[in-house]
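Working notes, structure below.
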Amino acid sequence: MKSTMPIDGKEKASRQKKRHPNWDPIHGKNAPPGTKPVISPDMPRPASKDDKLEPAPRETSSTFDLLSGGSCTIRGMMGSDEQMLSDPALMREGRIIDALLAAFIVDLDGSDNVTEKDVAHLFTVDRIWILIKQYQLSGPKIGNLPPGDGIEIVTRCTSKTCREKNESITSIERDLISTLRPFPENGDEVGASYDPEKREFTKQLSTGREITWGYSRGINERNSQGVQNPSMLDMLALRLRKIDGKPGAHAGMLQKFQRWELAEMRKLYEQTRAGVDTRITIFCKRCPQVYDVLLEAQMAFFFPGAR
Ligand SMILES: [Zn+2]
């Protein structure tokens, strides 16, 4: 019945907005490409330089859901937060991200007294989600992208014979949020048993060894911060919780694993990935090298303009 109802003014206006930019109001069809649009008196007039364009005020806080559930409210970044980023004590102790999150999160699931300990227990994917929301709230306008969307990244080519300085612009919305995946609801996809409380999977590898893996939290990140260039084993160990039911799994234990077991683990991890994929692919402008960098390892993500 809905389709036969008369279209009221409001609905009509919203329908017109969705029309093709080449919409031809005289012939009632899309004009061929390259045709100059016909301006009729009742169509909105294009902005002229006489129009007073007031920039839209930006929000100073943002409320959203965490990927693991629960709500979070953040305030925009201030001078005091930027100062934290150059605090040598915080840097030495690997506490910068925790201190930063605890400072600008004003409400975490109903609690307005958020400590570094609270944020250290959040899942890494939630911490990154909060940092992305913060960039959208406080990030600068870069190029033609909307304010808080573009990140200017400067990296060195990873080829030892090249080392070219590559500048690139990443869009939060187009390159990162487009990769967002929710937490899996069960272990069916990978044939694993699943503990929804801890968000942990348990499965026997084809070699008979049983592994339990979950998602890294802030505390796990801190433990791996001493490692300058984390190896593949370090990365696998970040999500590993138990081997054959025994807790305390670490990268050293994985050295005794067969290569195909590690490949199997990597595949299981990828299939159960949650959150935003923060890898940014850089194409060197001078040589054929293509390499990945992580968003959270880029200073410009936290401190726009910093190199
Ligand atoms: Zn290069």
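Quick note on naming: the chains in the structure tokens go A, B, ... in the order shown, residues restart at 1 in each chain, and ligands are numbered from 1 in order of appearance.
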Next on the checklist: For the strand (DSSP E) assignment from backbone DSSP, which residues of stretch 73-259 of chain A qualify? Please present them as a VMD selection string.
Outcome noted: chain A and resid 73 to 75 105 to 108 150 to 156 165 to 171 193 to 195 200 to 204 210 to 213 240 to 243 246 to 247
Next on the checklist: Show me, as a PyMOL selection string, the residues that have an atom within 10 Å of A:His250 when counting only C-alpha atoms, minus same-chain residues fewer than 4 positions from it.
Outcome noted: chain A and resi 233-234+236-243+254-255
With N, CA and C atoms retained, could you export that selection as a CSV table (one decimal), in the first residue's frame?
```csv
chain,number,residue,atom,x,y,z
A,233,LEU,N,56.6,-14.6,15.4
A,233,LEU,CA,56.3,-15.4,16.6
A,233,LEU,C,55.7,-14.5,17.7
A,234,ASP,N,56.3,-13.3,17.9
A,234,ASP,CA,55.8,-12.3,18.9
A,234,ASP,C,54.3,-12.0,18.6
A,236,LEU,N,52.1,-13.8,16.9
A,236,LEU,CA,51.3,-14.9,17.2
A,236,LEU,C,51.1,-15.1,18.7
A,237,ALA,N,52.2,-14.8,19.5
A,237,ALA,CA,52.1,-15.0,20.9
A,237,ALA,C,51.1,-14.0,21.6
A,238,LEU,N,51.0,-12.8,21.0
A,238,LEU,CA,50.1,-11.8,21.5
A,238,LEU,C,48.7,-12.3,21.7
A,239,ARG,N,48.2,-13.2,20.9
A,239,ARG,CA,46.8,-13.7,21.0
A,239,ARG,C,46.7,-15.1,21.6
A,240,LEU,N,47.9,-15.7,21.8
A,240,LEU,CA,47.9,-17.1,22.3
A,240,LEU,C,47.7,-17.1,23.8
A,241,ARG,N,46.7,-17.9,24.3
A,241,ARG,CA,46.5,-17.9,25.8
A,241,ARG,C,46.9,-19.2,26.4
A,242,LYS,N,46.6,-20.3,25.8
A,242,LYS,CA,47.0,-21.6,26.4
A,242,LYS,C,47.5,-22.6,25.3
A,243,ILE,N,48.5,-23.4,25.7
A,243,ILE,CA,48.9,-24.5,24.9
A,243,ILE,C,48.5,-25.8,25.6
A,254,LEU,N,56.7,-21.0,21.1
A,254,LEU,CA,56.3,-21.2,19.7
A,254,LEU,C,57.5,-21.6,18.9
A,255,GLN,N,58.7,-21.4,19.4
A,255,GLN,CA,59.9,-21.8,18.7
A,255,GLN,C,60.0,-23.3,18.5
```
Checklist entry - Out of stretch 50-255 of chain A, which residues get helix (DSSP H, G or I) from DSSP, as a PyMOL selection string? => result chain A and resi 79-84+88-92+96-104+116-120+124-138+172-179+188-190+218-224+232-239+251-254
Next on the checklist: Could you list, as a PyMOL selection string, all residues that come within 6 Å of ligand 1? Count only C-alpha atoms and all ligand atoms.
Outcome noted: chain A and resi 157+159+162-164+284+286-287+289
Item to check | Interatomic distance (Å, one decimal) between atom CA of A:Gly94 and atom CA of A:Thr60 | outcome: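 Between these atoms lies a distance of 27.7 Å.
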Checklist entry - Could you pull the residues within 12 Å of stretch 297-300 of chain A, counting only C-alpha atoms, minus those fewer than 3 positions along the same chain, as a PyMOL selection string? => result chain A and resi 82+85-86+96-97+128+135+139-140+142+148+150-155+167-170+225+228-229+278-280+292-294+303-307
Atoms to include: N, CA and C atoms. Write the selected residues as an mmCIF file, in the first residue's frame.
```
data_model
loop_
_atom_site.group_PDB
_atom_site.id
_atom_site.type_symbol
_atom_site.label_atom_id
_atom_site.label_comp_id
_atom_site.auth_asym_id
_atom_site.auth_seq_id
_atom_site.Cartn_x
_atom_site.Cartn_y
_atom_site.Cartn_z
ATOM 1 N N GLU A 82 48.621 16.614 24.370
ATOM 2 C CA GLU A 82 49.777 16.645 23.465
ATOM 3 C C GLU A 82 51.081 16.656 24.265
ATOM 4 N N LEU A 85 52.408 13.314 25.214
ATOM 5 C CA LEU A 85 53.077 12.550 24.157
ATOM 6 C C LEU A 85 54.580 12.768 24.122
ATOM 7 N N SER A 86 55.049 13.815 24.800
ATOM 8 C CA SER A 86 56.500 14.020 24.817
ATOM 9 C C SER A 86 57.062 13.874 26.232
ATOM 10 N N ILE A 96 52.263 5.726 27.650
ATOM 11 C CA ILE A 96 51.668 6.873 26.958
ATOM 12 C C ILE A 96 50.223 6.634 26.520
ATOM 13 N N ILE A 97 49.990 5.529 25.839
ATOM 14 C CA ILE A 97 48.632 5.281 25.318
ATOM 15 C C ILE A 97 47.636 5.133 26.474
ATOM 16 N N ILE A 128 42.041 0.787 19.840
ATOM 17 C CA ILE A 128 42.276 1.389 18.526
ATOM 18 C C ILE A 128 41.011 2.082 18.025
ATOM 19 N N TYR A 135 40.653 10.613 16.631
ATOM 20 C CA TYR A 135 41.219 11.287 15.457
ATOM 21 C C TYR A 135 40.109 11.968 14.664
ATOM 22 N N GLY A 139 41.282 15.401 14.799
ATOM 23 C CA GLY A 139 42.300 15.430 13.751
ATOM 24 C C GLY A 139 42.158 16.636 12.840
ATOM 25 N N PRO A 140 43.237 17.024 12.148
ATOM 26 C CA PRO A 140 43.206 18.196 11.283
ATOM 27 C C PRO A 140 42.532 17.897 9.938
ATOM 28 N N ILE A 142 43.207 17.456 6.176
ATOM 29 C CA ILE A 142 44.350 17.181 5.303
ATOM 30 C C ILE A 142 43.823 17.030 3.882
ATOM 31 N N GLY A 148 39.522 15.599 10.273
ATOM 32 C CA GLY A 148 39.572 14.391 11.094
ATOM 33 C C GLY A 148 39.525 13.103 10.300
ATOM 34 N N GLY A 150 41.800 12.587 7.180
ATOM 35 C CA GLY A 150 43.087 12.303 6.536
ATOM 36 C C GLY A 150 44.241 12.241 7.521
ATOM 37 N N ILE A 151 45.105 11.258 7.357
ATOM 38 C CA ILE A 151 46.329 11.169 8.173
ATOM 39 C C ILE A 151 47.516 11.205 7.226
ATOM 40 N N GLU A 152 48.412 12.150 7.471
ATOM 41 C CA GLU A 152 49.586 12.277 6.625
ATOM 42 C C GLU A 152 50.700 11.421 7.226
ATOM 43 N N ILE A 153 51.089 10.383 6.504
ATOM 44 C CA ILE A 153 52.074 9.439 7.030
ATOM 45 C C ILE A 153 53.376 9.548 6.259
ATOM 46 N N VAL A 154 54.473 9.680 6.997
ATOM 47 C CA VAL A 154 55.792 9.746 6.373
ATOM 48 C C VAL A 154 56.584 8.531 6.836
ATOM 49 N N THR A 155 57.018 7.711 5.892
ATOM 50 C CA THR A 155 57.772 6.506 6.250
ATOM 51 C C THR A 155 59.011 6.397 5.373
ATOM 52 N N GLU A 167 55.819 9.957 1.461
ATOM 53 C CA GLU A 167 54.708 10.629 2.136
ATOM 54 C C GLU A 167 53.405 10.086 1.534
ATOM 55 N N SER A 168 52.458 9.736 2.382
ATOM 56 C CA SER A 168 51.170 9.317 1.829
ATOM 57 C C SER A 168 50.050 9.774 2.743
ATOM 58 N N ILE A 169 48.862 9.888 2.188
ATOM 59 C CA ILE A 169 47.693 10.304 2.966
ATOM 60 C C ILE A 169 46.721 9.130 3.030
ATOM 61 N N THR A 170 46.357 8.762 4.262
ATOM 62 C CA THR A 170 45.410 7.676 4.492
ATOM 63 C C THR A 170 44.094 8.268 4.963
ATOM 64 N N GLN A 225 56.064 -4.259 24.134
ATOM 65 C CA GLN A 225 56.642 -2.987 23.700
ATOM 66 C C GLN A 225 58.168 -2.949 23.739
ATOM 67 N N GLN A 228 61.497 -4.133 19.635
ATOM 68 C CA GLN A 228 61.474 -3.072 18.616
ATOM 69 C C GLN A 228 60.731 -3.498 17.358
ATOM 70 N N ASN A 229 61.178 -4.589 16.756
ATOM 71 C CA ASN A 229 60.504 -5.090 15.563
ATOM 72 C C ASN A 229 59.929 -6.458 15.878
ATOM 73 N N THR A 278 44.570 -2.320 10.852
ATOM 74 C CA THR A 278 45.310 -1.053 10.888
ATOM 75 C C THR A 278 46.554 -1.061 9.995
ATOM 76 N N ARG A 279 46.714 -2.133 9.185
ATOM 77 C CA ARG A 279 47.860 -2.138 8.270
ATOM 78 C C ARG A 279 47.614 -1.150 7.136
ATOM 79 N N ILE A 280 48.619 -0.325 6.872
ATOM 80 C CA ILE A 280 48.525 0.625 5.765
ATOM 81 C C ILE A 280 49.614 0.239 4.764
ATOM 82 N N ASP A 292 54.121 -2.633 4.480
ATOM 83 C CA ASP A 292 53.019 -2.274 5.377
ATOM 84 C C ASP A 292 53.539 -1.557 6.612
ATOM 85 N N VAL A 293 52.796 -0.570 7.070
ATOM 86 C CA VAL A 293 53.077 0.035 8.374
ATOM 87 C C VAL A 293 51.776 -0.043 9.184
ATOM 88 N N LEU A 294 51.907 0.009 10.506
ATOM 89 C CA LEU A 294 50.722 -0.042 11.350
ATOM 90 C C LEU A 294 50.314 1.376 11.755
ATOM 91 N N PHE A 303 49.598 12.697 17.057
ATOM 92 C CA PHE A 303 50.116 14.057 17.164
ATOM 93 C C PHE A 303 50.271 14.591 15.753
ATOM 94 N N PRO A 304 49.154 15.013 15.122
ATOM 95 C CA PRO A 304 49.227 15.436 13.713
ATOM 96 C C PRO A 304 50.288 16.502 13.508
ATOM 97 N N GLY A 305 51.047 16.336 12.463
ATOM 98 C CA GLY A 305 52.091 17.320 12.162
ATOM 99 C C GLY A 305 53.453 16.853 12.648
ATOM 100 N N ALA A 306 53.478 15.881 13.578
ATOM 101 C CA ALA A 306 54.751 15.389 14.094
ATOM 102 C C ALA A 306 55.404 14.453 13.076
ATOM 103 N N ARG A 307 56.710 14.529 12.975
ATOM 104 C CA ARG A 307 57.405 13.657 12.037
ATOM 105 C C ARG A 307 58.363 12.754 12.787
#
```
Next on the checklist: Taking 5 positions as the minimum chain separation for residues in the same chain, which residues sit within 10 Å of A:Ser111 when counting only C-alpha atoms? Answer as a list in words.
Outcome noted: Ser71, Cys72, Ile105 and Val106 of chain A
Next on the checklist: From the options A:Phe283, A:Phe257, A:Tyr269, A:Phe64, which residue's atoms come nearest to A:Lys133, counting only C-alpha atoms?
Outcome noted: A:Phe64
Checklist outcome for this item: In terms of only C-alpha atoms, the residue from A:Leu90, A:Met232, A:Ile74, A:Val190 at minimal distance from A:Leu108 is A:Ile74
Item to check | Who sits within 10 Å of A:Leu180, only C-alpha atoms, same chain under 6 positions skipped, as a list in words | outcome: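 Returned residues: Leu67, Val125, Trp129, Arg273, Ala274, Gly275, Val276, Asp277 and Thr278 of chain A.
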Saved selection, atoms kept: N, CA and C atoms, as a PDB file, in the first residue's frame:
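So result01.pdb came out as:
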```pdb
ATOM      1  N   LEU A  67      33.542  -2.019  20.445  1.00  0.00           N
ATOM      2  CA  LEU A  67      33.285  -3.179  19.596  1.00  0.00           C
ATOM      3  C   LEU A  67      32.919  -4.403  20.435  1.00  0.00           C
ATOM      4  N   VAL A 125      41.578  -3.996  20.101  1.00  0.00           N
ATOM      5  CA  VAL A 125      40.691  -3.515  19.022  1.00  0.00           C
ATOM      6  C   VAL A 125      39.783  -2.391  19.511  1.00  0.00           C
ATOM      7  N   TRP A 129      39.868   1.477  18.301  1.00  0.00           N
ATOM      8  CA  TRP A 129      38.584   2.070  17.912  1.00  0.00           C
ATOM      9  C   TRP A 129      38.416   3.441  18.593  1.00  0.00           C
ATOM     10  N   ARG A 273      39.682 -12.497  13.124  1.00  0.00           N
ATOM     11  CA  ARG A 273      40.073 -11.101  13.335  1.00  0.00           C
ATOM     12  C   ARG A 273      38.838 -10.268  13.661  1.00  0.00           C
ATOM     13  N   ALA A 274      39.000  -9.327  14.589  1.00  0.00           N
ATOM     14  CA  ALA A 274      37.917  -8.381  14.888  1.00  0.00           C
ATOM     15  C   ALA A 274      38.509  -6.982  14.862  1.00  0.00           C
ATOM     16  N   GLY A 275      37.625  -5.992  14.693  1.00  0.00           N
ATOM     17  CA  GLY A 275      38.082  -4.598  14.716  1.00  0.00           C
ATOM     18  C   GLY A 275      38.580  -4.124  13.370  1.00  0.00           C
ATOM     19  N   VAL A 276      39.333  -3.032  13.430  1.00  0.00           N
ATOM     20  CA  VAL A 276      39.820  -2.394  12.210  1.00  0.00           C
ATOM     21  C   VAL A 276      41.201  -2.958  11.867  1.00  0.00           C
ATOM     22  N   ASP A 277      41.390  -3.309  10.612  1.00  0.00           N
ATOM     23  CA  ASP A 277      42.714  -3.744  10.154  1.00  0.00           C
ATOM     24  C   ASP A 277      43.561  -2.486   9.992  1.00  0.00           C
ATOM     25  N   THR A 278      44.570  -2.320  10.852  1.00  0.00           N
ATOM     26  CA  THR A 278      45.310  -1.053  10.888  1.00  0.00           C
ATOM     27  C   THR A 278      46.554  -1.061   9.995  1.00  0.00           C
TER      28      THR A 278
END
```
Checklist entry - What does the distance from atom CA of A:Met84 to atom CA of A:Phe301 come to in Å, to one decimal? => result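 Going from atom CA of A:Met84 over to atom CA of A:Phe301, I get 14.4 Å.
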Item to check | Nearest-residue call for A:Thr272, choices A:Asp81, A:Asp244, A:Glu185, A:Asp195, using only C-alpha atoms | outcome: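 Closest to A:Thr272, using only C-alpha atoms: A:Glu185.
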Next on the checklist: Rounded to one decimal, what separation in Å do you get between atom CA of A:Thr179 and atom CA of A:Lys117?
Outcome noted: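 About the pair atom CA of A:Thr179 and atom CA of A:Lys117: they are 28.7 Å apart.
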Next on the checklist: Let me make sure I understand: among A:Ser171, A:Asn186, A:Thr73, A:Gln271, which one has the smallest atom-to-atom distance to A:Gly110 if we use only C-alpha atoms?
Outcome noted: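 Closest to A:Gly110, using only C-alpha atoms: A:Thr73.
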Using only C-alpha atoms, which protein or nucleic acid residues come within 10 Å of A:Tyr194? Drop anything in the same chain fewer than 4 positions from it, and give the result as a compact mmCIF listing (two decimals) with C-alpha atoms, in the first residue's frame.
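Done, and the output landed in part_11.txt:
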```txt
# COMPACT_ATOMS: atom_id res chain seq x y z
CA PRO A 184 32.64 -13.36 16.07
CA GLU A 185 29.57 -14.62 17.93
CA ASN A 186 30.82 -18.22 18.06
CA GLY A 187 33.67 -20.42 16.92
CA ASP A 188 31.67 -22.12 14.14
CA LYS A 198 36.49 -14.23 27.63
CA ARG A 199 36.12 -14.18 23.83
CA GLU A 200 38.52 -17.12 23.61
CA PHE A 201 38.63 -19.98 21.10
CA THR A 202 40.00 -23.50 21.69
CA LYS A 203 40.85 -25.87 18.87
CA THR A 212 43.49 -21.42 23.05
CA TRP A 213 43.60 -17.97 21.53
CA GLY A 214 41.76 -14.74 22.15
```
Next on the checklist: Calculated over only C-alpha atoms, which of the candidates A:Asp98, A:Glu261, A:Glu221, A:Glu210 has the smallest distance to A:Gly245?
Outcome noted: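 Smallest distance to A:Gly245 is found for A:Glu210.
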Checklist entry - When distances are computed from only C-alpha atoms, which of A:Gln258, A:Ser231, A:Asn220, A:Asn166 shows the smallest separation from A:Ala120? => result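 Answer, going by the shortest atom-to-atom distance: A:Asn220.
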